[in-house]
Each structure stands twice: as structure tokens, then as C-alpha cells.
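Below: one structure, written as C-alpha cells.
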Amino acid sequence: MPDNTMMKKNGMVTKIHTRIRTEPFKNNYDLVGKELGRGKFAVVKKCIEKATGKEHAAKFLRKRRKGEDCRGDILNEIAVLELAKANPYVVALHEVYETQSEIILVLECAAGGEIFNQCVADNDDAFTEKDVVRLARQILVGVAFLHRNNVVHLDLKPQNLLLTSAQPLGDIRIVDFGLSRRMDTLTEVREILGTPEYVAPEILNYEPISTATDMWSIGVLTYVMLTGESPFLGEQKQETFLNISQGNVDYSQEVFEGVSSLAIDFIQSLLRKNPRKRSTAEECLSHPWLSGHAAPPPPPPRLPLASLDETSQSESEPESPVPPPELLVLPPFSMGELKSGRGTTFTFSEPFPSRSEIQQEVIC
Ligand code: ADP
Ligand code: MG
């Protein structure tokens with residue numbers, strides 16, 4: 001029986017409570033339909049639980065990656081999902097299975113797919129500003145919850161934000177906690193790196209990360225959801241890095257046609273180079289762009305832990321979070337196309353940046 005505890009490492013959560021099942025996954029589930037998605041080390045497939053007939057998403061994670069045992073990273077992902085169980089906007093973890101080579105996370109199925117699809121869609125299917133207000137609030141409620149619990153996601157991007165349904169437009173489910181870290185146990189970490197366009201300048205500069213690192217990504221994300229354009233995307237990744245570190249953002253009328261000035265103000269409060277000057281998740285929720293519109297009716301919490309008073313300010317993070325030591329983020333791999341704010345098109349399939357370019361050690 002596998003040991004459920006791990007040594008503390010680089011801000012990873014060390015202990016999980018979920019029982020890891022070792023009986024064959026296929027005894028209890030039937031795989032149906034085609035793949036829901038995939039990343040570099042994971043494939044996600046739709047499945048039906050035999051006992052209940054309920055649909056789920058099974059995330060198959062390889063334990064060995066590039067010749068290294070990465071079971072600890074997967075336990076970290078499970079631990080964060082456990083911690084966020086009570087938040088309605090974080091995907092629910094149902095069960096965990098383990099085989100010789102894989103760990104299988106049985107997750108709530110977010111049938112509406114990635115918000116990425118609407119971000120790159122033509123007018124008819126693209127989000128309206130009203131949609132973005134509703135979804136941004138949900139993302140922020142989820143992220144504020146994580147931050148209150150000292151967890152940083154570190155890979156917030158349209159491919160990791162799913163919808164419960166696409167039509168009618170459902171609710172947000174935040175997924176992919178593969179890079180998430182606990183701030184309070186974070187020691188020296190220099191190994192990880194995120195996704196080019198969404199990565200904050202402090203990551204590129206090897207400066208300390210904090211919850212503000214996620215807030216930068218939310219700024220980029222909101223820009224993309226409203227305009228369909230990626231604010232820092234260059235033709236080459238080096239150009240993207242340069243745009244990020246120089247804070248080159250196009251807020252012109254042309255890009256933001258039909259978008260309110262409050263929305264632009266909201267994005268500007270996040271795309272600030274100095275992490276301490278960025279709005280926190282709680283502050284974002286009080287920004288007039290979001291608070292001026294009707295809030296989504298909060299779905300009932302999944303647990304009686306109604307302690308998760310999402311609007312409560314009491315547990316909000318301090319004004320100036322104490323920055324932990326350095327953390328860089330792993331290169332995830334995603335597919336798809338998005339226009340850059342500079343009229344170019346970029347394919348997400350390329351890993352970013354190469355190890356040699358950034359001279360980093362890479363953990364799994
Ligand atoms: P990776 O760490 O490999 O990026 P993710 O957790 O992001 O893995 O999953 C890869 C993709 O699979 C996601 O971008 C999404 O398209 C799909 N996916 C993941 N979880 C779910 C889910 N619970 N329901 C539906 N689709 C999912
Ligand atoms: Mg992902």
C-alpha cells in the first residue's frame with residue numbers, strides 16, 4: 001500500500017487524506033467518449049462510475065517523468081484539491097487510483113470545456129463583457145479562497161479554467177494544481193516556470209513569488225477574455241518575455257472596442273510590475289467593475305464548512321504579503337491559437353522557455 005505522506009519539498013503540500021485505491025480503475029469506471037484534454041504528463045478522459053452512473057473526468061498522471069519519480073508532485077496536486085474541496089469554483093476530487101505507472105484522479109467533469117475556446121472564438125461565441133464579469137468574479141472567489149489558505153496556483157490560464165457547461169454558459173471550475181505551492185512551507189525553489197504569456201515579471205526575473213504572481217495572470221486572463229488578444233504575446237518567445245518585463249500593454253480603443261473603462265481600470269490594477277502594487281483577489285472582488293454588477297448567486301458549498309465566507313474580508317491576505325523565497329514555474333504545454341495584441345498569431349504548443357535558456361533545474 002503506497003505511503004500517503006511525503007517529505008516537505010519546495011512548498012509542496014505533504015500529506016493527503018484521500019484513500020488511494022489500488023484495485024483496477026476499470027472495475028469501477030467505464031471510459032466513454034473521446035479525450036477531454038491532455039497536457040505533457042496527463043491525459044484526461046470522460047468516464048462513468050458503474051455504481052452510480054455518474055459522469056466524471058479521469059486525469060491519468062504518469063508517475064515517472066523524464067526518468068524521475070514524480071509521485072510527490074501528484075500528491076501535492078491531490079492535497080491542494082483536498083484543501084479547496086469546500087470551494088465551489090475549484091474542481092471537485094472524487095477518488096484516487098494508483099497503478100504501477102500512474103495515478104488517476106477522478107474529478108468532477110466540467111462538461112463545458114476550457115474557457116480558452118470562447119477566448120479564441122469569433123464574435124457569436126465569444127464572451128460578452130457581462131459574461132466576463134460573472135466568470136471573473138467566480139475565478140476570483142476561487143483564487144481568493146486559495147490565497148487565504150496560503151496556496152498559489154501558479155498556472156492560471158484559459159486552458160486551466162473550465163466551464164460546467166458551454167451553452168448556456170455555465171460556471172467556472174479551476175483545474176490543474178500541478179504547479180501549486182503552499183506559501184507557508186515554501187523553501188528555496190528555483191526549478192519551476194509557468195506559461196509564457198501568463199507568467200509574471202518576477203518569475204522571469206527570479207524574484208520572489210507570492211499570491212500577487214497569480215494576480216498578474218488574472219490580469220492577462222481578463223485581457224484575453226475581453227479582447228481575444230494576448231497582451232504580451234510576441235512573435236518569438238523572447239519578444240514575449242521582453243514585453244512582459246517592459247510592461248508593454250496596448251490599452252488602445254482599437255483593442256478594447258466596446259469594452260468599459262472600468263474593465264480597463266481593473267486590468268491595469270493587476271498588470272503592475274511591482275507585485276506589491278497589484279490588487280489582491282479580495283480587492284478585485286470589491287472593484288467597481290465587478291461589484292457594480294450583480295454577483296453570481298453563490299452555489300451551495302459542497303461541505304458544511306460554510307466558514308468559506310467568500311465575501312469576508314477578515315481572512316484576506318495582508319496588504320503586503322511577505323514574499324517567500326524564489327520560485328519559478330514548470331513549462332506546461334498547451335495547444336491552440338490566440339491572437340497577440342500586436343496582430344500576430346502564436347501557437348501554444350511550444351514549451352517555454354527551454355532549460356538551457358533560463359538555466360534552471362527542472363523538477364518534474
Ligand atoms: P495538465 O497538468 O496536463 O495541464 P490539466 O489538469 O490541465 O492537466 O488537464 C488537461 C486538460 O484536460 C485541461 O486543459 C482540460 O481541457 C481537460 N480537463 C482537465 N480536467 C478536466 C475536468 N475535470 N473536466 C473536463 N475536462 C478537464
Ligand atoms: Mg493544464
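Following the order of the C-alpha cells, first chain is A, next is B, and so on, with residues numbered from 1 inside each chain and ligands from 1 in the order they appear.
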With ligand 2 as the partner and 6 Å as the cut-off, tabulate the residues of chain A that qualify, each row holding the nearest pair of atoms and their distance in Å to one decimal, using only C-alpha atoms and all ligand atoms, sorted by chain and rising number, as a Markdown table.
| residue | atom | partner | partner_atom_place_in_ligand_line | distance |
| --- | --- | --- | --- | --- |
| A:Gly39 | CA | ligand 2 | 1 (Mg) | 5.9 |
| A:Gln159 | CA | ligand 2 | 1 (Mg) | 6.0 |
| A:Asn160 | CA | ligand 2 | 1 (Mg) | 5.0 |
| A:Asp176 | CA | ligand 2 | 1 (Mg) | 5.0 |
Counting only C-alpha atoms and all ligand atoms, which residues of chain A fall within 6 Å of ligand 1, and what is the closest atom pair for each with its distance in Å at one decimal, ordered by chain and rising number, as JSON lines?
{"residue": "A:Leu36", "atom": "CA", "partner": "ligand 1", "partner_atom_place_in_ligand_line": "26 (N)", "distance": 4.9}
{"residue": "A:Gly37", "atom": "CA", "partner": "ligand 1", "partner_atom_place_in_ligand_line": "12 (O)", "distance": 3.4}
{"residue": "A:Arg38", "atom": "CA", "partner": "ligand 1", "partner_atom_place_in_ligand_line": "10 (C)", "distance": 4.1}
{"residue": "A:Gly39", "atom": "CA", "partner": "ligand 1", "partner_atom_place_in_ligand_line": "3 (O)", "distance": 3.0}
{"residue": "A:Lys40", "atom": "CA", "partner": "ligand 1", "partner_atom_place_in_ligand_line": "3 (O)", "distance": 5.2}
{"residue": "A:Phe41", "atom": "CA", "partner": "ligand 1", "partner_atom_place_in_ligand_line": "3 (O)", "distance": 5.4}
{"residue": "A:Ala42", "atom": "CA", "partner": "ligand 1", "partner_atom_place_in_ligand_line": "3 (O)", "distance": 4.3}
{"residue": "A:Val44", "atom": "CA", "partner": "ligand 1", "partner_atom_place_in_ligand_line": "12 (O)", "distance": 4.9}
{"residue": "A:Ala57", "atom": "CA", "partner": "ligand 1", "partner_atom_place_in_ligand_line": "23 (N)", "distance": 5.0}
{"residue": "A:Leu107", "atom": "CA", "partner": "ligand 1", "partner_atom_place_in_ligand_line": "23 (N)", "distance": 5.1}
{"residue": "A:Glu108", "atom": "CA", "partner": "ligand 1", "partner_atom_place_in_ligand_line": "23 (N)", "distance": 5.1}
{"residue": "A:Cys109", "atom": "CA", "partner": "ligand 1", "partner_atom_place_in_ligand_line": "24 (N)", "distance": 3.8}
{"residue": "A:Ala110", "atom": "CA", "partner": "ligand 1", "partner_atom_place_in_ligand_line": "24 (N)", "distance": 3.8}
{"residue": "A:Ala111", "atom": "CA", "partner": "ligand 1", "partner_atom_place_in_ligand_line": "25 (C)", "distance": 5.6}
{"residue": "A:Gly113", "atom": "CA", "partner": "ligand 1", "partner_atom_place_in_ligand_line": "26 (N)", "distance": 5.7}
{"residue": "A:Glu114", "atom": "CA", "partner": "ligand 1", "partner_atom_place_in_ligand_line": "16 (O)", "distance": 5.4}
{"residue": "A:Gln159", "atom": "CA", "partner": "ligand 1", "partner_atom_place_in_ligand_line": "14 (O)", "distance": 4.4}
{"residue": "A:Asn160", "atom": "CA", "partner": "ligand 1", "partner_atom_place_in_ligand_line": "14 (O)", "distance": 5.0}
{"residue": "A:Val175", "atom": "CA", "partner": "ligand 1", "partner_atom_place_in_ligand_line": "6 (O)", "distance": 5.4}
{"residue": "A:Asp176", "atom": "CA", "partner": "ligand 1", "partner_atom_place_in_ligand_line": "6 (O)", "distance": 3.7}
{"residue": "A:Gly178", "atom": "CA", "partner": "ligand 1", "partner_atom_place_in_ligand_line": "2 (O)", "distance": 5.6}
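Going from CA of Ser269 (chain A) to CA of Gly219 (chain A) covers 8.0 Å.
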I need the residues in region 34-135 of chain A that are strand (DSSP E or B) according to DSSP; give them as a PyMOL selection string.
chain A and resi 34-38+42-49+55-62+64-65+68-69+90+93-98+102-108+113-114
Can you pull out the residues contacting Leu169 (chain A)? Cut-off 12 Å, using only C-alpha atoms, and skip same-chain residues under 5 positions away; I want them as a ChimeraX atom specification.
/A:110-115,118,125-128,130-132,134-135,162-164
Could you go through region 116-188 of chain A and tell me which residues DSSP, when run on the backbone, assigns to alpha helix (DSSP H), listing them as a list in words?
Phe116, Asn117, Gln118, Cys119, Glu129, Lys130, Asp131, Val132, Val133, Arg134, Leu135, Ala136, Arg137, Gln138, Ile139, Leu140, Val141, Gly142, Val143, Ala144, Phe145, Leu146, His147 and Arg148 of chain A
Quick one: residues within 9 Å of region 239-243 of chain A, only C-alpha atoms counted, chain neighbours fewer than 4 positions away excluded, as number ranges by chain?
A: 196-197, 199, 201, 204, 231-235, 247-249
All residues 7 Å or closer to Lys63 (chain A), only C-alpha atoms, same chain fewer than 4 positions away omitted, as a ChimeraX atom specification:
/A:69-71,101-103
Might you pull out every residue within 8 Å of Glu129 (chain A), with only C-alpha atoms counted and same-chain residues fewer than 3 positions away left off, and present them as JSON, numbers by chain?
{"A": [132, 133, 226, 259]}
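Excluding Thr213 (chain A) itself and any same-chain residue fewer than 4 positions from it, the protein and nucleic acid residues within 10 Å of it, counting only C-alpha atoms, are Val152, His153, Leu154, Asp155, Leu156, Tyr198, Val199, Ala200, Pro201, Glu202, Ile203, Pro208, Ile209, Ser217, Ile218, Leu270, Pro275, Arg276 and Arg278 of chain A.
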Output file for the residues above (C-alpha atoms, as a CSV table (one decimal), in the first residue's frame):
chain,number,residue,atom,x,y,z
A,152,VAL,CA,-0.7,29.9,-5.0
A,153,HIS,CA,-1.9,28.2,-8.2
A,154,LEU,CA,0.9,29.5,-10.5
A,155,ASP,CA,-0.7,28.3,-13.7
A,156,LEU,CA,-3.8,30.3,-14.2
A,198,TYR,CA,0.6,34.5,-18.4
A,199,VAL,CA,3.8,34.5,-16.4
A,200,ALA,CA,4.5,37.5,-14.1
A,201,PRO,CA,7.7,39.6,-14.4
A,202,GLU,CA,9.0,38.5,-11.0
A,203,ILE,CA,9.2,34.9,-12.4
A,208,PRO,CA,10.2,36.1,-5.0
A,209,ILE,CA,6.8,34.9,-5.9
A,217,SER,CA,-2.0,36.0,-14.6
A,218,ILE,CA,-5.6,37.0,-13.8
A,270,LEU,CA,-3.3,43.8,-12.0
A,275,PRO,CA,3.8,42.7,-7.1
A,276,ARG,CA,3.1,44.8,-4.0
A,278,ARG,CA,-1.1,44.8,-7.7
